[in-house]
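The file coords12.cif contains mmCIF, N, CA, C and O atoms:
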data_coords
#
loop_
_atom_site.label_atom_id
_atom_site.label_comp_id
_atom_site.auth_asym_id
_atom_site.auth_seq_id
_atom_site.Cartn_x
_atom_site.Cartn_y
_atom_site.Cartn_z
N ILE A 1 261.77 -31.30 97.91
CA ILE A 1 263.05 -30.67 98.19
C ILE A 1 262.96 -30.03 99.58
O ILE A 1 262.01 -29.30 99.87
N GLY A 2 263.95 -30.30 100.39
CA GLY A 2 264.02 -29.65 101.69
C GLY A 2 262.90 -30.02 102.63
O GLY A 2 262.29 -29.17 103.25
N ALA A 3 262.61 -31.31 102.75
CA ALA A 3 261.48 -31.75 103.58
C ALA A 3 261.65 -31.42 105.06
O ALA A 3 260.67 -31.20 105.75
N GLY A 4 262.89 -31.40 105.54
CA GLY A 4 263.13 -31.05 106.94
C GLY A 4 262.24 -31.82 107.89
O GLY A 4 262.33 -33.03 108.00
N THR A 5 261.34 -31.12 108.56
CA THR A 5 260.45 -31.76 109.53
C THR A 5 259.25 -32.44 108.88
O THR A 5 258.50 -33.13 109.55
N GLY A 6 259.05 -32.23 107.60
CA GLY A 6 257.97 -32.90 106.89
C GLY A 6 256.62 -32.24 107.02
O GLY A 6 255.59 -32.88 106.85
N GLY A 7 256.59 -30.94 107.34
CA GLY A 7 255.34 -30.23 107.52
C GLY A 7 254.42 -30.27 106.32
O GLY A 7 253.20 -30.33 106.46
N ALA A 8 254.96 -30.25 105.12
CA ALA A 8 254.14 -30.33 103.90
C ALA A 8 253.99 -31.79 103.44
O ALA A 8 253.01 -32.12 102.78
N THR A 9 254.94 -32.62 103.81
CA THR A 9 254.95 -33.99 103.32
C THR A 9 253.77 -34.81 103.83
O THR A 9 253.13 -35.53 103.06
N LEU A 10 253.48 -34.73 105.11
CA LEU A 10 252.41 -35.53 105.68
C LEU A 10 251.05 -35.26 105.02
O LEU A 10 250.37 -36.21 104.63
N PRO A 11 250.64 -34.00 104.85
CA PRO A 11 249.36 -33.77 104.17
C PRO A 11 249.35 -34.25 102.72
O PRO A 11 248.33 -34.75 102.23
N ILE A 12 250.48 -34.14 102.04
CA ILE A 12 250.56 -34.60 100.65
C ILE A 12 250.41 -36.12 100.59
O ILE A 12 249.62 -36.65 99.81
N LEU A 13 251.16 -36.82 101.42
CA LEU A 13 251.08 -38.28 101.43
C LEU A 13 249.68 -38.75 101.83
O LEU A 13 249.15 -39.70 101.26
N THR A 14 249.09 -38.09 102.79
CA THR A 14 247.74 -38.46 103.22
C THR A 14 246.75 -38.32 102.07
O THR A 14 245.92 -39.20 101.83
N ALA A 15 246.88 -37.23 101.31
CA ALA A 15 245.99 -37.01 100.16
C ALA A 15 246.21 -38.05 99.07
O ALA A 15 245.27 -38.44 98.38
N PHE A 16 247.45 -38.53 98.94
CA PHE A 16 247.77 -39.52 97.91
C PHE A 16 247.38 -40.94 98.30
O PHE A 16 247.42 -41.85 97.48
N GLY A 17 247.02 -41.17 99.55
CA GLY A 17 246.61 -42.50 99.99
C GLY A 17 247.78 -43.43 100.23
O GLY A 17 248.94 -43.03 100.20
N GLY A 18 247.46 -44.70 100.49
CA GLY A 18 248.49 -45.71 100.70
C GLY A 18 248.91 -45.89 102.14
O GLY A 18 249.72 -46.76 102.44
N MET A 19 248.36 -45.11 103.05
CA MET A 19 248.76 -45.18 104.46
C MET A 19 248.33 -46.51 105.06
O MET A 19 247.16 -46.88 105.00
N ASN A 20 249.29 -47.23 105.60
CA ASN A 20 249.05 -48.53 106.24
C ASN A 20 248.33 -49.52 105.32
O ASN A 20 247.70 -50.45 105.79
N GLY A 21 248.40 -49.30 104.02
CA GLY A 21 247.78 -50.20 103.07
C GLY A 21 246.26 -50.17 103.06
O GLY A 21 245.62 -51.00 102.44
N LYS A 22 245.66 -49.21 103.76
CA LYS A 22 244.19 -49.14 103.86
C LYS A 22 243.54 -48.61 102.59
O LYS A 22 242.54 -49.12 102.14
N ILE A 23 244.10 -47.54 102.05
CA ILE A 23 243.59 -46.95 100.81
C ILE A 23 244.67 -47.14 99.76
O ILE A 23 245.82 -46.80 100.00
N PRO A 24 244.33 -47.66 98.59
CA PRO A 24 245.37 -47.85 97.56
C PRO A 24 246.07 -46.52 97.24
O PRO A 24 245.41 -45.49 97.09
N PRO A 25 247.40 -46.54 97.17
CA PRO A 25 248.13 -45.31 96.89
C PRO A 25 247.92 -44.84 95.46
O PRO A 25 247.75 -45.65 94.55
N ARG A 26 247.92 -43.54 95.27
CA ARG A 26 247.83 -42.94 93.94
C ARG A 26 249.22 -42.46 93.49
O ARG A 26 249.33 -41.49 92.76
N PHE A 27 250.25 -43.17 93.95
CA PHE A 27 251.63 -42.87 93.56
C PHE A 27 252.46 -44.14 93.67
O PHE A 27 252.11 -45.05 94.42
N LEU A 28 253.53 -44.19 92.91
CA LEU A 28 254.41 -45.37 92.94
C LEU A 28 255.54 -45.21 93.96
O LEU A 28 255.98 -46.19 94.55
N SER A 29 256.01 -43.98 94.11
CA SER A 29 257.07 -43.72 95.08
C SER A 29 257.09 -42.23 95.42
O SER A 29 256.62 -41.40 94.64
N TYR A 30 257.64 -41.92 96.59
CA TYR A 30 257.74 -40.54 97.05
C TYR A 30 259.10 -40.40 97.72
O TYR A 30 259.38 -41.09 98.71
N ASP A 31 259.97 -39.57 97.17
CA ASP A 31 261.30 -39.34 97.73
C ASP A 31 261.28 -38.08 98.58
O ASP A 31 260.94 -37.00 98.10
N ILE A 32 261.64 -38.22 99.84
CA ILE A 32 261.76 -37.09 100.76
C ILE A 32 263.23 -36.70 100.78
O ILE A 32 264.10 -37.52 101.05
N THR A 33 263.50 -35.43 100.45
CA THR A 33 264.89 -34.98 100.40
C THR A 33 265.13 -33.81 101.33
O THR A 33 264.22 -33.04 101.64
N ASP A 34 266.36 -33.69 101.76
CA ASP A 34 266.79 -32.54 102.54
C ASP A 34 268.31 -32.44 102.43
O ASP A 34 268.98 -33.43 102.14
N ILE A 35 268.82 -31.26 102.66
CA ILE A 35 270.26 -31.04 102.60
C ILE A 35 270.97 -31.77 103.74
O ILE A 35 272.10 -32.20 103.61
N GLN A 36 270.28 -31.94 104.86
CA GLN A 36 270.80 -32.65 106.01
C GLN A 36 269.98 -33.91 106.23
O GLN A 36 268.82 -33.81 106.62
N PRO A 37 270.53 -35.08 106.01
CA PRO A 37 269.74 -36.30 106.20
C PRO A 37 269.20 -36.43 107.63
O PRO A 37 268.11 -36.92 107.83
N ALA A 38 269.91 -35.92 108.60
CA ALA A 38 269.47 -36.02 109.99
C ALA A 38 268.20 -35.20 110.24
O ALA A 38 267.41 -35.52 111.12
N SER A 39 267.98 -34.15 109.47
CA SER A 39 266.82 -33.30 109.72
C SER A 39 265.52 -33.98 109.34
O SER A 39 264.45 -33.50 109.70
N SER A 40 265.58 -35.08 108.64
CA SER A 40 264.35 -35.77 108.26
C SER A 40 263.98 -36.88 109.25
O SER A 40 263.04 -37.61 109.02
N ARG A 41 264.69 -36.98 110.37
CA ARG A 41 264.39 -38.03 111.34
C ARG A 41 262.97 -37.93 111.87
O ARG A 41 262.26 -38.93 111.96
N SER A 42 262.53 -36.74 112.26
CA SER A 42 261.17 -36.61 112.77
C SER A 42 260.17 -36.88 111.65
O SER A 42 259.10 -37.43 111.88
N SER A 43 260.54 -36.53 110.43
CA SER A 43 259.68 -36.81 109.28
C SER A 43 259.56 -38.31 109.07
O SER A 43 258.49 -38.81 108.77
N LYS A 44 260.64 -39.04 109.25
CA LYS A 44 260.63 -40.50 109.05
C LYS A 44 259.62 -41.18 109.97
O LYS A 44 258.92 -42.09 109.56
N LYS A 45 259.55 -40.73 111.20
CA LYS A 45 258.63 -41.34 112.15
C LYS A 45 257.19 -41.18 111.70
O LYS A 45 256.38 -42.08 111.84
N ARG A 46 256.87 -40.01 111.14
CA ARG A 46 255.49 -39.75 110.71
C ARG A 46 255.14 -40.46 109.41
O ARG A 46 253.99 -40.77 109.18
N GLN A 47 256.11 -40.71 108.55
CA GLN A 47 255.83 -41.32 107.26
C GLN A 47 256.01 -42.83 107.25
O GLN A 47 255.86 -43.47 106.22
N ILE A 48 256.29 -43.44 108.38
CA ILE A 48 256.53 -44.88 108.42
C ILE A 48 255.31 -45.68 107.95
O ILE A 48 255.44 -46.78 107.44
N ALA A 49 254.13 -45.10 108.07
CA ALA A 49 252.90 -45.79 107.65
C ALA A 49 252.86 -46.09 106.15
O ALA A 49 252.10 -46.93 105.71
N TRP A 50 253.70 -45.39 105.37
CA TRP A 50 253.72 -45.61 103.92
C TRP A 50 254.78 -46.64 103.51
O TRP A 50 254.90 -46.98 102.34
N GLY A 51 255.54 -47.12 104.45
CA GLY A 51 256.51 -48.19 104.20
C GLY A 51 257.45 -47.92 103.05
O GLY A 51 258.07 -46.87 102.96
N ASP A 52 257.54 -48.89 102.14
CA ASP A 52 258.49 -48.83 101.03
C ASP A 52 258.11 -47.83 99.94
O ASP A 52 258.89 -47.62 99.02
N LEU A 53 256.94 -47.22 100.03
CA LEU A 53 256.56 -46.21 99.05
C LEU A 53 257.37 -44.93 99.22
O LEU A 53 257.50 -44.13 98.31
N VAL A 54 257.92 -44.74 100.42
CA VAL A 54 258.65 -43.51 100.76
C VAL A 54 260.13 -43.83 100.97
O VAL A 54 260.48 -44.80 101.63
N SER A 55 260.98 -43.00 100.39
CA SER A 55 262.42 -43.13 100.63
C SER A 55 262.99 -41.76 101.00
O SER A 55 262.38 -40.73 100.73
N TYR A 56 264.15 -41.78 101.61
CA TYR A 56 264.79 -40.57 102.12
C TYR A 56 266.16 -40.41 101.46
O TYR A 56 266.95 -41.35 101.47
N LYS A 57 266.39 -39.22 100.90
CA LYS A 57 267.64 -38.99 100.19
C LYS A 57 268.19 -37.61 100.53
O LYS A 57 267.43 -36.67 100.74
N LYS A 58 269.50 -37.52 100.55
CA LYS A 58 270.15 -36.23 100.75
C LYS A 58 270.21 -35.50 99.42
O LYS A 58 270.62 -36.08 98.41
N LEU A 59 269.80 -34.21 99.42
CA LEU A 59 269.87 -33.39 98.21
C LEU A 59 270.17 -31.95 98.58
O LEU A 59 269.45 -31.35 99.38
N ASP A 60 271.22 -31.41 98.01
CA ASP A 60 271.52 -29.98 98.11
C ASP A 60 271.12 -29.38 96.77
O ASP A 60 271.86 -29.50 95.79
N ILE A 61 269.97 -28.75 96.70
CA ILE A 61 269.43 -28.27 95.43
C ILE A 61 270.26 -27.14 94.83
O ILE A 61 270.12 -26.82 93.66
N GLU A 62 271.18 -26.58 95.59
CA GLU A 62 272.07 -25.55 95.05
C GLU A 62 273.15 -26.16 94.16
O GLU A 62 273.81 -25.44 93.42
N ASN A 63 273.31 -27.47 94.25
CA ASN A 63 274.30 -28.16 93.43
C ASN A 63 273.61 -29.10 92.44
O ASN A 63 272.46 -29.49 92.64
N ASP A 64 274.31 -29.47 91.41
CA ASP A 64 273.78 -30.32 90.35
C ASP A 64 273.24 -31.63 90.92
O ASP A 64 273.99 -32.43 91.48
N PRO A 65 271.93 -31.88 90.78
CA PRO A 65 271.35 -33.11 91.31
C PRO A 65 271.94 -34.38 90.70
O PRO A 65 272.04 -35.40 91.38
N SER A 66 272.34 -34.32 89.42
CA SER A 66 272.89 -35.51 88.77
C SER A 66 274.22 -35.92 89.40
O SER A 66 274.63 -37.07 89.27
N GLU A 67 274.88 -35.01 90.09
CA GLU A 67 276.12 -35.33 90.80
C GLU A 67 275.85 -35.83 92.22
O GLU A 67 276.77 -36.08 92.98
N GLN A 68 274.55 -35.94 92.55
CA GLN A 68 274.14 -36.39 93.88
C GLN A 68 273.25 -37.64 93.79
O GLN A 68 272.40 -37.87 94.64
N GLU A 69 273.45 -38.40 92.73
CA GLU A 69 272.73 -39.65 92.50
C GLU A 69 271.24 -39.46 92.19
O GLU A 69 270.41 -40.32 92.48
N PHE A 70 270.90 -38.32 91.57
CA PHE A 70 269.54 -38.08 91.08
C PHE A 70 269.59 -38.06 89.57
O PHE A 70 270.51 -37.52 88.97
N GLU A 71 268.56 -38.63 88.96
CA GLU A 71 268.49 -38.71 87.50
C GLU A 71 267.72 -37.52 86.94
O GLU A 71 266.61 -37.22 87.39
N ASP A 72 268.31 -36.85 85.96
CA ASP A 72 267.61 -35.76 85.27
C ASP A 72 266.35 -36.31 84.61
O ASP A 72 266.35 -37.42 84.07
N GLY A 73 265.27 -35.54 84.67
CA GLY A 73 264.04 -35.94 83.99
C GLY A 73 263.33 -37.13 84.60
O GLY A 73 262.58 -37.81 83.93
N TYR A 74 263.49 -37.37 85.88
CA TYR A 74 262.91 -38.56 86.51
C TYR A 74 261.54 -38.32 87.15
O TYR A 74 260.67 -39.18 87.12
N TYR A 75 261.31 -37.14 87.69
CA TYR A 75 260.12 -36.89 88.51
C TYR A 75 258.99 -36.21 87.75
O TYR A 75 259.21 -35.33 86.94
N ASP A 76 257.76 -36.63 88.08
CA ASP A 76 256.56 -35.99 87.54
C ASP A 76 256.27 -34.69 88.29
O ASP A 76 255.81 -33.71 87.71
N VAL A 77 256.50 -34.71 89.59
CA VAL A 77 256.22 -33.57 90.46
C VAL A 77 257.38 -33.40 91.43
O VAL A 77 257.87 -34.38 92.00
N VAL A 78 257.79 -32.15 91.64
CA VAL A 78 258.78 -31.83 92.66
C VAL A 78 258.14 -30.79 93.58
O VAL A 78 257.69 -29.74 93.12
N VAL A 79 258.08 -31.11 94.87
CA VAL A 79 257.49 -30.21 95.86
C VAL A 79 258.62 -29.54 96.63
O VAL A 79 259.53 -30.21 97.12
N ALA A 80 258.52 -28.22 96.75
CA ALA A 80 259.50 -27.44 97.51
C ALA A 80 258.74 -26.39 98.29
O ALA A 80 258.53 -25.28 97.82
N ALA A 81 258.29 -26.75 99.48
CA ALA A 81 257.47 -25.85 100.29
C ALA A 81 258.33 -25.09 101.29
O ALA A 81 258.99 -25.68 102.14
N ASN A 82 258.33 -23.78 101.17
CA ASN A 82 259.04 -22.90 102.11
C ASN A 82 260.51 -23.23 102.27
O ASN A 82 261.04 -23.27 103.37
N VAL A 83 261.20 -23.47 101.14
CA VAL A 83 262.60 -23.86 101.24
C VAL A 83 263.50 -23.17 100.22
O VAL A 83 264.62 -22.81 100.54
N LEU A 84 263.06 -22.97 99.02
CA LEU A 84 263.94 -22.47 97.96
C LEU A 84 264.43 -21.04 98.22
O LEU A 84 265.53 -20.68 97.80
N HIS A 85 263.66 -20.25 98.92
CA HIS A 85 264.05 -18.88 99.21
C HIS A 85 265.32 -18.81 100.06
O HIS A 85 265.99 -17.78 100.10
N ALA A 86 265.68 -19.88 100.73
CA ALA A 86 266.86 -19.90 101.60
C ALA A 86 268.16 -20.19 100.85
O ALA A 86 269.21 -20.26 101.46
N THR A 87 268.09 -20.36 99.54
CA THR A 87 269.29 -20.65 98.76
C THR A 87 269.99 -19.37 98.34
O THR A 87 269.40 -18.29 98.34
N LYS A 88 271.24 -19.50 97.94
CA LYS A 88 272.06 -18.34 97.58
C LYS A 88 271.72 -17.76 96.21
O LYS A 88 271.81 -16.56 96.00
N ASN A 89 271.36 -18.62 95.26
CA ASN A 89 271.14 -18.17 93.89
C ASN A 89 269.86 -18.81 93.36
O ASN A 89 269.86 -19.98 92.95
N MET A 90 268.76 -18.06 93.37
CA MET A 90 267.45 -18.60 93.00
C MET A 90 267.43 -19.12 91.57
O MET A 90 266.82 -20.16 91.30
N ARG A 91 268.09 -18.45 90.66
CA ARG A 91 268.11 -18.90 89.26
C ARG A 91 268.75 -20.28 89.15
O ARG A 91 268.23 -21.17 88.49
N ASN A 92 269.86 -20.47 89.82
CA ASN A 92 270.55 -21.76 89.83
C ASN A 92 269.70 -22.82 90.52
O ASN A 92 269.57 -23.95 90.03
N THR A 93 269.11 -22.46 91.63
CA THR A 93 268.25 -23.38 92.38
C THR A 93 267.08 -23.86 91.53
O THR A 93 266.78 -25.05 91.48
N MET A 94 266.40 -22.93 90.88
CA MET A 94 265.25 -23.29 90.04
C MET A 94 265.68 -24.16 88.87
O MET A 94 264.98 -25.11 88.51
N ALA A 95 266.82 -23.84 88.27
CA ALA A 95 267.32 -24.66 87.15
C ALA A 95 267.59 -26.09 87.62
O ALA A 95 267.25 -27.05 86.93
N ASN A 96 268.18 -26.23 88.80
CA ASN A 96 268.45 -27.57 89.34
C ASN A 96 267.15 -28.30 89.65
O ASN A 96 267.04 -29.50 89.39
N GLY A 97 266.17 -27.60 90.18
CA GLY A 97 264.87 -28.23 90.45
C GLY A 97 264.20 -28.70 89.17
O GLY A 97 263.65 -29.81 89.11
N ARG A 98 264.26 -27.89 88.14
CA ARG A 98 263.65 -28.25 86.86
C ARG A 98 264.35 -29.43 86.19
O ARG A 98 263.73 -30.19 85.47
N ARG A 99 265.64 -29.57 86.43
CA ARG A 99 266.39 -30.70 85.84
C ARG A 99 265.82 -32.03 86.29
O ARG A 99 265.91 -33.03 85.58
N LEU A 100 265.24 -32.06 87.47
CA LEU A 100 264.70 -33.30 88.02
C LEU A 100 263.41 -33.73 87.34
O LEU A 100 263.02 -34.89 87.41
N LEU A 101 262.74 -32.80 86.67
CA LEU A 101 261.40 -33.05 86.12
C LEU A 101 261.39 -33.70 84.75
O LEU A 101 262.21 -33.40 83.88
N LYS A 102 260.40 -34.59 84.58
CA LYS A 102 260.09 -35.11 83.24
C LYS A 102 259.52 -33.96 82.41
O LYS A 102 259.08 -32.96 82.97
N LYS A 103 259.47 -34.13 81.11
CA LYS A 103 258.85 -33.15 80.26
C LYS A 103 257.39 -33.01 80.70
O LYS A 103 256.69 -34.01 80.86
N GLY A 104 256.94 -31.79 80.93
CA GLY A 104 255.59 -31.55 81.39
C GLY A 104 255.43 -31.68 82.90
O GLY A 104 254.32 -31.53 83.42
N GLY A 105 256.53 -31.95 83.61
CA GLY A 105 256.47 -32.09 85.07
C GLY A 105 256.20 -30.76 85.76
O GLY A 105 256.30 -29.70 85.15
N ILE A 106 255.84 -30.83 87.04
CA ILE A 106 255.43 -29.65 87.79
C ILE A 106 256.37 -29.44 88.97
O ILE A 106 256.60 -30.35 89.76
N LEU A 107 256.86 -28.21 89.10
CA LEU A 107 257.68 -27.80 90.25
C LEU A 107 256.84 -26.88 91.11
O LEU A 107 256.28 -25.92 90.65
#

Could you quickly redo this structure as structure tokens?
Amino acid sequence: IGAGTGGATLPILTAFGGMNGKIPPRFLSYDITDIQPASSRSSKKRQIAWGDLVSYKKLDIENDPSEQEFEDGYYDVVVAANVLHATKNMRNTMANGRRLLKKGGIL
């Protein structure tokens, strides 16, 4: 959530492997989201080495994700580094983040 410049994304993807096909990835897909799709442009350049494993989607976590083409209960892990505090209503934000998780998923 809120990948912006991708400061947390690059270390996470590197740890998960799959870069340039050299090390087998330990993930099937990784969705990079931000409220502004344009803000992930610099992030896109850095994550190009992961090819089709990475996708970019617009998400405003303050609003219902299911109304933004996200499926409830889809993700095993949702990463939100240094972003949720900037929302207007933390309770609502956290509820929306949890909606994205499978049972037993981690936010």

*asked:* Quick one: residues within 12 Å of Lys22 (chain A), only C-alpha atoms, excluding same-chain residues fewer than 6 positions away - as JSON, numbers by chain?
replied: {"A": [14, 16, 49, 50]}

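Every residue of region 37-92 of chain A found in alpha helix (DSSP H) when DSSP is run on the backbone appears here: Arg41, Ser42, Ser43, Lys44, Lys45, Arg46, Gln47, Met90, Arg91 and Asn92 of chain A.
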
*Among region 22-100 of chain A, which ones does DSSP place in strand (DSSP E), written as a ChimeraX atom specification?*
/A:30-34,54-58,75-77

Output for the residues just chosen: N, CA, C and O atoms as a compact mmCIF listing (two decimals), in the coordinates of the input:
# COMPACT_ATOMS: atom_id res chain seq x y z
N TYR A 30 257.64 -41.92 96.59
CA TYR A 30 257.74 -40.54 97.05
C TYR A 30 259.10 -40.40 97.72
O TYR A 30 259.38 -41.09 98.71
N ASP A 31 259.97 -39.57 97.17
CA ASP A 31 261.30 -39.34 97.73
C ASP A 31 261.28 -38.08 98.58
O ASP A 31 260.94 -37.00 98.10
N ILE A 32 261.64 -38.22 99.84
CA ILE A 32 261.76 -37.09 100.76
C ILE A 32 263.23 -36.70 100.78
O ILE A 32 264.10 -37.52 101.05
N THR A 33 263.50 -35.43 100.45
CA THR A 33 264.89 -34.98 100.40
C THR A 33 265.13 -33.81 101.33
O THR A 33 264.22 -33.04 101.64
N ASP A 34 266.36 -33.69 101.76
CA ASP A 34 266.79 -32.54 102.54
C ASP A 34 268.31 -32.44 102.43
O ASP A 34 268.98 -33.43 102.14
N VAL A 54 257.92 -44.74 100.42
CA VAL A 54 258.65 -43.51 100.76
C VAL A 54 260.13 -43.83 100.97
O VAL A 54 260.48 -44.80 101.63
N SER A 55 260.98 -43.00 100.39
CA SER A 55 262.42 -43.13 100.63
C SER A 55 262.99 -41.76 101.00
O SER A 55 262.38 -40.73 100.73
N TYR A 56 264.15 -41.78 101.61
CA TYR A 56 264.79 -40.57 102.12
C TYR A 56 266.16 -40.41 101.46
O TYR A 56 266.95 -41.35 101.47
N LYS A 57 266.39 -39.22 100.90
CA LYS A 57 267.64 -38.99 100.19
C LYS A 57 268.19 -37.61 100.53
O LYS A 57 267.43 -36.67 100.74
N LYS A 58 269.50 -37.52 100.55
CA LYS A 58 270.15 -36.23 100.75
C LYS A 58 270.21 -35.50 99.42
O LYS A 58 270.62 -36.08 98.41
N TYR A 75 261.31 -37.14 87.69
CA TYR A 75 260.12 -36.89 88.51
C TYR A 75 258.99 -36.21 87.75
O TYR A 75 259.21 -35.33 86.94
N ASP A 76 257.76 -36.63 88.08
CA ASP A 76 256.56 -35.99 87.54
C ASP A 76 256.27 -34.69 88.29
O ASP A 76 255.81 -33.71 87.71
N VAL A 77 256.50 -34.71 89.59
CA VAL A 77 256.22 -33.57 90.46
C VAL A 77 257.38 -33.40 91.43
O VAL A 77 257.87 -34.38 92.00

_atom O of Ile61 (chain A) to CA of Thr5 (chain A), straight-line distance in Å_ =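 Separation between CA of Thr5 (chain A) and atom O of Ile61 (chain A): 19.2 Å.
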
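Distance-wise, atom O of Thr33 (chain A) and atom N of Lys57 (chain A) end up 6.6 Å apart.
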
_Interatomic distance (Å, one decimal) between CA of Glu71 (chain A) and atom O of Arg99 (chain A)_ =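 Distance reported for this atom pair: 6.5 Å.
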
*Residues near Asp72 (chain A), cut-off 10 Å, only C-alpha atoms, skip fewer than 4 positions along chain, as a list in words*: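 The filter keeps Asp64, Pro65, Ser66, Asn96, Gly97, Arg98, Arg99, Leu100, Leu101 and Lys102 of chain A.
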
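Matched in the shown structure by the PyMOL selection byres ((chain A and resi 27) around 7): Phe16, Gly17, Pro24, Pro25, Arg26, Leu28, Ser29, Tyr30 and Leu53 of chain A.
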
Quick one: write out the picked residues with N, CA, C and O atoms as a PDB file, keeping the file's coordinate frame?
ATOM      1  N   PHE A  16     247.450 -38.530  98.940  1.00  0.00           N
ATOM      2  CA  PHE A  16     247.770 -39.520  97.910  1.00  0.00           C
ATOM      3  C   PHE A  16     247.380 -40.940  98.300  1.00  0.00           C
ATOM      4  O   PHE A  16     247.420 -41.850  97.480  1.00  0.00           O
ATOM      5  N   GLY A  17     247.020 -41.170  99.550  1.00  0.00           N
ATOM      6  CA  GLY A  17     246.610 -42.500  99.990  1.00  0.00           C
ATOM      7  C   GLY A  17     247.780 -43.430 100.230  1.00  0.00           C
ATOM      8  O   GLY A  17     248.940 -43.030 100.200  1.00  0.00           O
ATOM      9  N   PRO A  24     244.330 -47.660  98.590  1.00  0.00           N
ATOM     10  CA  PRO A  24     245.370 -47.850  97.560  1.00  0.00           C
ATOM     11  C   PRO A  24     246.070 -46.520  97.240  1.00  0.00           C
ATOM     12  O   PRO A  24     245.410 -45.490  97.090  1.00  0.00           O
ATOM     13  N   PRO A  25     247.400 -46.540  97.170  1.00  0.00           N
ATOM     14  CA  PRO A  25     248.130 -45.310  96.890  1.00  0.00           C
ATOM     15  C   PRO A  25     247.920 -44.840  95.460  1.00  0.00           C
ATOM     16  O   PRO A  25     247.750 -45.650  94.550  1.00  0.00           O
ATOM     17  N   ARG A  26     247.920 -43.540  95.270  1.00  0.00           N
ATOM     18  CA  ARG A  26     247.830 -42.940  93.940  1.00  0.00           C
ATOM     19  C   ARG A  26     249.220 -42.460  93.490  1.00  0.00           C
ATOM     20  O   ARG A  26     249.330 -41.490  92.760  1.00  0.00           O
ATOM     21  N   LEU A  28     253.530 -44.190  92.910  1.00  0.00           N
ATOM     22  CA  LEU A  28     254.410 -45.370  92.940  1.00  0.00           C
ATOM     23  C   LEU A  28     255.540 -45.210  93.960  1.00  0.00           C
ATOM     24  O   LEU A  28     255.980 -46.190  94.550  1.00  0.00           O
ATOM     25  N   SER A  29     256.010 -43.980  94.110  1.00  0.00           N
ATOM     26  CA  SER A  29     257.070 -43.720  95.080  1.00  0.00           C
ATOM     27  C   SER A  29     257.090 -42.230  95.420  1.00  0.00           C
ATOM     28  O   SER A  29     256.620 -41.400  94.640  1.00  0.00           O
ATOM     29  N   TYR A  30     257.640 -41.920  96.590  1.00  0.00           N
ATOM     30  CA  TYR A  30     257.740 -40.540  97.050  1.00  0.00           C
ATOM     31  C   TYR A  30     259.100 -40.400  97.720  1.00  0.00           C
ATOM     32  O   TYR A  30     259.380 -41.090  98.710  1.00  0.00           O
ATOM     33  N   LEU A  53     256.940 -47.220 100.030  1.00  0.00           N
ATOM     34  CA  LEU A  53     256.560 -46.210  99.050  1.00  0.00           C
ATOM     35  C   LEU A  53     257.370 -44.930  99.220  1.00  0.00           C
ATOM     36  O   LEU A  53     257.500 -44.130  98.310  1.00  0.00           O
TER      37      LEU A  53
END

_Residues matched by the PyMOL selection byres ((chain A and resi 59) around 8), written as a PyMOL selection string_ = chain A and resi 1-3+32-37+56-58+60-65+68

*asked:* Using only N, CA, C and O atoms, which protein or nucleic acid residues come within 8 Å of Ala80 (chain A)? Drop anything in the same chain fewer than 2 positions from it, and give the result as a PyMOL selection string.
replied: chain A and resi 1-3+77-78+82-85+106-107

Box centre and edge lengths (Å, one decimal), axis-aligned, region 4-22 of chain A plus 5 Å each side, as AutoDock Vina command-line options:
--center_x 252.8 --center_y -40.6 --center_z 103.5 --size_x 30.6 --size_y 30.8 --size_z 22.1

*Taking only N, CA, C and O atoms into account, which of A:Asp52, A:Pro11, A:Gly105, A:Lys88 comes nearest Tyr75 (chain A)?*
A:Gly105
